[in-house]
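One structure is given here, and the rest of the page talks about it.
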Amino acid sequence: MSASTDFVSLNGDWLLHYGPQQCAAEGMPSPEIPELFESCPAVVPGNVELDLIAAGVLPADLDRGDNIYSLIDYEHYQWWYVKDFDLPSHADFADPYLCLDGIDTLATIWLNKCLVGKTDNMLVPHRFPVLNQLREGRNRITVAIDSPILAATRIPVDPGCYAMENNWESLHIRKAAHSYGWDIMPRIISAGIWRDIFVRDRQPVEFEDVYLATLKVDRARQRTRFLAQWVLRDRSGATCRGTVTIRISEPNDDSIIHEAEIPALSWVGRYESELSGIQHWYPRGSGKPRLYRISLTYRDHNCAPIASWNSRFGFRTIELRMSDLIDAAGSGEFRFVVNGQEVFIKGSNWVPVDAFHSRDVQRMDETLALAIELDCNMIRCWGGNVYEPQAFFDFCDENGILVWQDFSLACALYPQTSEFHAKMRREAEAIVPRLRNHPSLALWAGNNEIDQFYLFAKQGVNPNEDDKISREVLAGVCRRMDPYRTYLPSSPYISPALWEEGIDNNAPEDHLWGPRDDFKSPYYTRSTACFASEIGYHGCPSRASLERMMRPENLWPWPGNEDWLTHCIRPQPASTRYNYRIPLMATQIANLFGSVPESLDHFILASQISQAEALKYFVEKFRIDKGRTGGLLWWNIRDGWPQISDSVVDYYGEKKLAFHLLKALHAPVHVMLGEPQGGRHAIVAVNDAPVPVSLSLQVCSSGIARMNTDAVLPENGCLYLGEMPAPDSFEIFTLEWTTNARQGQSHYLAGPRPFPLPDLADLYHSRFGQSPSVKQLHEKSSTNRQT
């Protein structure tokens, strides 16, 4: 426990009591821990399962075999946290609040046996006044967490609602949706104080709320129209009299760029100004993510500083240019424009970095570093997850990564009741002010795939008329609290015009999953989407990772294998919804190579090449059509649990072949062969940089140069460079180029399938063999081939 004059951390050691829930704690006026409950030490922030592992109650290797199913026995448990702490001087706390940045989920909290408050939402921070409960010296805090499963069973589910087979409890209980079981996450109905908990004193006078916005930019003249609005609160009830000084300065040397003094005529203040000499914030590849420091200082009538507020801010405008549909002529758009400059999006979906969210902080930085290594300029925070912390957005601000933020609603038809609407309104009102000042935040999206769920779960019902959560509740909060940022009702969004036209391959933004049997099937080749916010393909993890997550006797073969089904992921033993995923991966291999390998190492190799080639096709399909298309966000960077999935980096940090290929595919300059048309492949070069680039290109096959050409690529554009004849038999085209002393390389697999696995193994080894994981994969497959 750490303490200062106005802050006491309650992180660290606690005592945990647990057992089958007998009665809900939410109705208890004082804490009554059942006598027969077991107990063990606990660590906060944490999850109860991690404490039970440390105590030897649960197996340490929950991620191995089918051990994860042992957690089903604890879904009806109740959890009691207890901690004693000392308050150095009660006099220092004039207006203290108990602050919980994250608690999962249905909690009742007492301080010194007095009820402080209750929580019903894992996803938002909670604050409770504790002036009358806190005392100088020794204090005891008690937190009881009820079973969300038992709570959910007491709430009626109307026929107008819908959820996937494992997720019905998610409809009413505001807990990360993936917790109930998903195709990318096991079912873990966890509990715990999963983020920081502390006591903090509120100052007598403070900036209660500050909103910053860039209204307009002039890139040529480096001018910016800037808005700041604040709420200044005096706890004594006195009327604010004095001045507010707003200062914009360099983040490193504090040299002042702009300063203004505004009379404090009310508790609310608003300042607009035309700023000159401002360097604007840009995403990766389009410019520098320039940040400034902004401070607000309130001085009373005697010019004494009374309250202050500080933050970093980047000046930029972000516009989403989106049509309602793709019309009969094929026209439509979905593209992001930053500071008036179109930005082609190359990025990934961000899913939970760990199934136990108290461990997020340990894995977040290294996972974000992968996004930098892949040169992503956008991350989509998927709606089945938690809301990421400030540190996540700070990183994205600093590194020029745009953030597409879903509200935490996914793949279900939630209750359209006044009670649930109020719950979602409170959630949005807690989240929007917390994130809105980050320049990296590009977009609010109401949910993940709920519009699409209306098509099959509530056939004939128009989401624009029925889904008040996305069309009214969340939209209204964003309009009120973040009026200068785009709000998208759903992803993908079915606009009223699209609904009237009919949903038939004419949505500008789409999630392109389809049958996933072949990445060049008509589903993909005929897609007219201008933007793919989800698209992916399976890739088997490495042997080393499979050996960590599976029992030795279940490592191979895969058909009917319980460990493979568990890690595909099967949320519960009796659940069969996701059992298709392993046979699907085998089908994808057979489509590319003509058969499914009989050895594990060949299967891994073939699967990873299949995934890499699929993602290559997806990225190049959108890049080659740049101008009509606005980008894509593939699925996904990294797993949050040991599994067989679409990620390009597995849970243990092992990079698949697709990771290495994506690094090349995301380069600002890339040269591609298009799909054959009329027996010929078009050669197209694309340049995402904001300046023209000189290019020298050589195209080879069978060791023979087929083309040499020089060109100047226009800024942020693409250029047709010529054609190559389509071969009648299998052939590998290699493309090598130089741009401003930077080397580039790519390949294209031409001719009819099936392709020879040994040749593709050698190709990937020649391109990426410097990576230990690629080298090891090649060596194992080569050894097996010789055997």
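For the structure tokens, the naming scheme is as follows: chains receive sequential letters (A, B, ...) according to their order of presentation, residues are indexed from 1 within each chain, and ligands are indexed from 1 in presentation order.
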- request: Skip Pro489 in chain A itself and residues of its chain fewer than 2 positions away, then list as a list in words all residues within 9 Å of it, counting only C-alpha atoms.
  value: Trp444, Ala445, Gly446, Asn447, Asp451, Ser470, Arg471, Leu474, Ala475, Tyr487, Ser491, Pro492, Tyr493, Ile494 and Ser495 of chain A
- request: Would you list the contacts of range 589-606 of chain A as a list of chain:residue names, taking every protein, DNA or RNA residue within 8 Å and counting only C-alpha atoms, but skipping same-chain residues closer than 6 positions in sequence?
  value: A:Asp517, A:Asp518, A:Gly539, A:Cys540, A:Pro541, A:Ser542, A:Arg543, A:Trp556, A:Pro557, A:Arg753, A:Pro754, A:Phe755, A:Pro756, A:Leu757, A:Ala761, A:Leu777, A:His778, A:Lys780, A:Ser781, A:Asn784
Dump of all heavy atoms for the selected residues, as a compact mmCIF listing (two decimals), in the first residue's frame:
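Listing of part36.txt after writing:
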```
# COMPACT_ATOMS: atom_id res chain seq x y z
N ASP A 517 -13.49 -21.10 -47.40
CA ASP A 517 -12.96 -22.35 -47.94
C ASP A 517 -11.75 -22.11 -48.83
O ASP A 517 -10.87 -22.96 -48.94
CB ASP A 517 -14.05 -23.09 -48.71
CG ASP A 517 -14.69 -22.21 -49.80
OD1 ASP A 517 -14.48 -20.97 -49.76
OD2 ASP A 517 -15.38 -22.75 -50.67
N ASP A 518 -11.72 -20.96 -49.48
CA ASP A 518 -10.63 -20.65 -50.40
C ASP A 518 -10.55 -19.13 -50.50
O ASP A 518 -11.54 -18.46 -50.81
CB ASP A 518 -10.90 -21.26 -51.77
CG ASP A 518 -9.78 -20.99 -52.77
OD1 ASP A 518 -8.82 -20.30 -52.41
OD2 ASP A 518 -9.89 -21.47 -53.91
N GLY A 539 -4.35 -19.89 -39.43
CA GLY A 539 -2.95 -20.27 -39.47
C GLY A 539 -2.58 -21.04 -38.23
O GLY A 539 -2.75 -20.56 -37.10
N CYS A 540 -2.09 -22.26 -38.39
CA CYS A 540 -1.77 -23.11 -37.25
C CYS A 540 -0.58 -22.54 -36.48
O CYS A 540 0.39 -22.07 -37.09
CB CYS A 540 -1.45 -24.52 -37.74
SG CYS A 540 -1.33 -25.75 -36.42
N PRO A 541 -0.59 -22.57 -35.15
CA PRO A 541 0.58 -22.15 -34.39
C PRO A 541 1.76 -23.10 -34.61
O PRO A 541 1.62 -24.17 -35.21
CB PRO A 541 0.11 -22.21 -32.93
CG PRO A 541 -1.38 -22.27 -32.99
CD PRO A 541 -1.71 -22.95 -34.28
N SER A 542 2.93 -22.73 -34.12
CA SER A 542 4.13 -23.54 -34.25
C SER A 542 4.01 -24.82 -33.43
O SER A 542 3.18 -24.92 -32.52
CB SER A 542 5.35 -22.76 -33.79
OG SER A 542 5.30 -22.55 -32.38
N ARG A 543 4.86 -25.78 -33.72
CA ARG A 543 4.88 -27.01 -32.94
C ARG A 543 5.15 -26.72 -31.47
O ARG A 543 4.51 -27.29 -30.58
CB ARG A 543 5.94 -27.96 -33.49
CG ARG A 543 6.18 -29.18 -32.60
CD ARG A 543 7.32 -30.04 -33.09
NE ARG A 543 6.89 -30.99 -34.09
CZ ARG A 543 6.48 -32.23 -33.82
NH1 ARG A 543 6.42 -32.66 -32.57
NH2 ARG A 543 6.11 -33.04 -34.79
N TRP A 556 -1.15 -35.03 -32.06
CA TRP A 556 -1.41 -35.38 -33.45
C TRP A 556 -1.97 -36.77 -33.52
O TRP A 556 -1.63 -37.60 -32.66
CB TRP A 556 -0.10 -35.27 -34.26
CG TRP A 556 -0.27 -35.42 -35.74
CD1 TRP A 556 0.04 -36.52 -36.49
CD2 TRP A 556 -0.80 -34.46 -36.65
NE1 TRP A 556 -0.26 -36.30 -37.81
CE2 TRP A 556 -0.78 -35.03 -37.94
CE3 TRP A 556 -1.30 -33.17 -36.50
CZ2 TRP A 556 -1.24 -34.36 -39.07
CZ3 TRP A 556 -1.74 -32.49 -37.62
CH2 TRP A 556 -1.70 -33.08 -38.89
N PRO A 557 -2.84 -37.09 -34.44
CA PRO A 557 -3.42 -36.27 -35.51
C PRO A 557 -4.57 -35.41 -35.01
O PRO A 557 -5.04 -35.57 -33.88
CB PRO A 557 -3.89 -37.31 -36.52
CG PRO A 557 -4.24 -38.49 -35.68
CD PRO A 557 -3.24 -38.51 -34.56
N ARG A 753 -3.66 -24.38 -59.62
CA ARG A 753 -3.40 -25.17 -58.42
C ARG A 753 -3.58 -26.64 -58.76
O ARG A 753 -4.21 -26.96 -59.76
CB ARG A 753 -4.34 -24.74 -57.30
CG ARG A 753 -4.18 -23.29 -56.86
CD ARG A 753 -5.24 -22.98 -55.82
NE ARG A 753 -5.16 -21.60 -55.36
CZ ARG A 753 -5.99 -21.08 -54.46
NH1 ARG A 753 -6.94 -21.82 -53.94
NH2 ARG A 753 -5.87 -19.82 -54.09
N PRO A 754 -3.10 -27.54 -57.88
CA PRO A 754 -2.43 -27.31 -56.60
C PRO A 754 -0.99 -26.86 -56.77
O PRO A 754 -0.36 -27.15 -57.80
CB PRO A 754 -2.53 -28.66 -55.91
CG PRO A 754 -2.54 -29.65 -57.04
CD PRO A 754 -3.33 -28.99 -58.14
N PHE A 755 -0.47 -26.18 -55.72
CA PHE A 755 0.91 -25.74 -55.72
C PHE A 755 1.78 -26.73 -54.95
O PHE A 755 1.30 -27.36 -53.99
CB PHE A 755 1.03 -24.36 -55.08
CG PHE A 755 0.32 -23.27 -55.83
CD1 PHE A 755 -0.25 -22.20 -55.16
CD2 PHE A 755 0.24 -23.29 -57.22
CE1 PHE A 755 -0.89 -21.18 -55.85
CE2 PHE A 755 -0.41 -22.28 -57.92
CZ PHE A 755 -0.98 -21.23 -57.24
N PRO A 756 3.04 -26.88 -55.31
CA PRO A 756 3.93 -27.80 -54.59
C PRO A 756 4.40 -27.20 -53.27
O PRO A 756 5.02 -26.13 -53.25
CB PRO A 756 5.10 -28.00 -55.56
CG PRO A 756 5.10 -26.78 -56.42
CD PRO A 756 3.68 -26.31 -56.52
N LEU A 757 4.10 -27.86 -52.17
CA LEU A 757 4.46 -27.37 -50.84
C LEU A 757 5.98 -27.16 -50.70
O LEU A 757 6.40 -26.13 -50.16
CB LEU A 757 3.93 -28.32 -49.76
CG LEU A 757 4.29 -27.96 -48.31
CD1 LEU A 757 3.77 -26.57 -47.94
CD2 LEU A 757 3.70 -29.00 -47.36
N ALA A 761 7.70 -23.70 -49.50
CA ALA A 761 8.50 -23.68 -48.28
C ALA A 761 9.85 -23.03 -48.54
O ALA A 761 10.33 -22.21 -47.75
CB ALA A 761 8.68 -25.10 -47.75
N LEU A 777 10.90 -23.66 -38.78
CA LEU A 777 9.77 -24.25 -39.49
C LEU A 777 10.24 -24.94 -40.77
O LEU A 777 9.82 -26.05 -41.10
CB LEU A 777 8.74 -23.17 -39.80
CG LEU A 777 7.37 -23.60 -40.34
CD1 LEU A 777 6.63 -24.42 -39.31
CD2 LEU A 777 6.56 -22.37 -40.72
N HIS A 778 11.13 -24.29 -41.49
CA HIS A 778 11.66 -24.84 -42.74
C HIS A 778 12.50 -26.08 -42.48
O HIS A 778 12.40 -27.08 -43.20
CB HIS A 778 12.49 -23.77 -43.47
CG HIS A 778 12.95 -24.19 -44.82
ND1 HIS A 778 14.24 -24.63 -45.06
CD2 HIS A 778 12.30 -24.26 -46.02
CE1 HIS A 778 14.37 -24.94 -46.34
NE2 HIS A 778 13.21 -24.72 -46.94
N LYS A 780 12.34 -28.21 -39.93
CA LYS A 780 11.52 -29.34 -39.52
C LYS A 780 10.78 -29.95 -40.70
O LYS A 780 10.73 -31.16 -40.87
CB LYS A 780 10.50 -28.90 -38.44
CG LYS A 780 11.10 -28.76 -37.05
CD LYS A 780 10.02 -28.44 -36.05
CE LYS A 780 10.57 -28.40 -34.63
NZ LYS A 780 11.02 -29.74 -34.19
N SER A 781 10.23 -29.10 -41.57
CA SER A 781 9.49 -29.63 -42.72
C SER A 781 10.45 -30.29 -43.70
O SER A 781 10.11 -31.30 -44.31
CB SER A 781 8.72 -28.50 -43.40
OG SER A 781 9.59 -27.53 -43.93
N ASN A 784 11.39 -33.74 -42.34
CA ASN A 784 10.28 -34.68 -42.55
C ASN A 784 10.14 -35.05 -44.02
O ASN A 784 9.81 -36.18 -44.37
CB ASN A 784 8.97 -34.05 -42.06
CG ASN A 784 8.88 -34.01 -40.54
OD1 ASN A 784 9.62 -34.72 -39.87
ND2 ASN A 784 8.01 -33.19 -40.01
```
field: Å distance separating CA of Asp234 in chain A from CA of Cys303 in chain A, one decimal place
entry: 16.4 Å
- request: Apply DSSP to the backbone of this structure and, from range 292-330 of chain A, keep only the residues in strand (DSSP E or B); write these as a ChimeraX atom specification.
  value: /A:292-300,305-313,318-322
Which residues of range 427-488 of chain A have any atom within 12 Å of an atom in range 163-171 of chain A when counting only C-alpha atoms, and what is the closest pair of atoms for each, with the distance in Å to one decimal? Order the rows by chain and rising number and write it as a Markdown table.
```
| residue | atom | partner | partner_atom | distance |
| --- | --- | --- | --- | --- |
| A:Ile450 | CA | A:Ala163 | CA | 10.4 |
| A:Phe453 | CA | A:Ala163 | CA | 9.3 |
| A:Tyr454 | CA | A:Ala163 | CA | 11.3 |
| A:Phe456 | CA | A:Ala163 | CA | 11.7 |
| A:Ala457 | CA | A:Ala163 | CA | 8.8 |
| A:Lys458 | CA | A:Ala163 | CA | 11.3 |
```
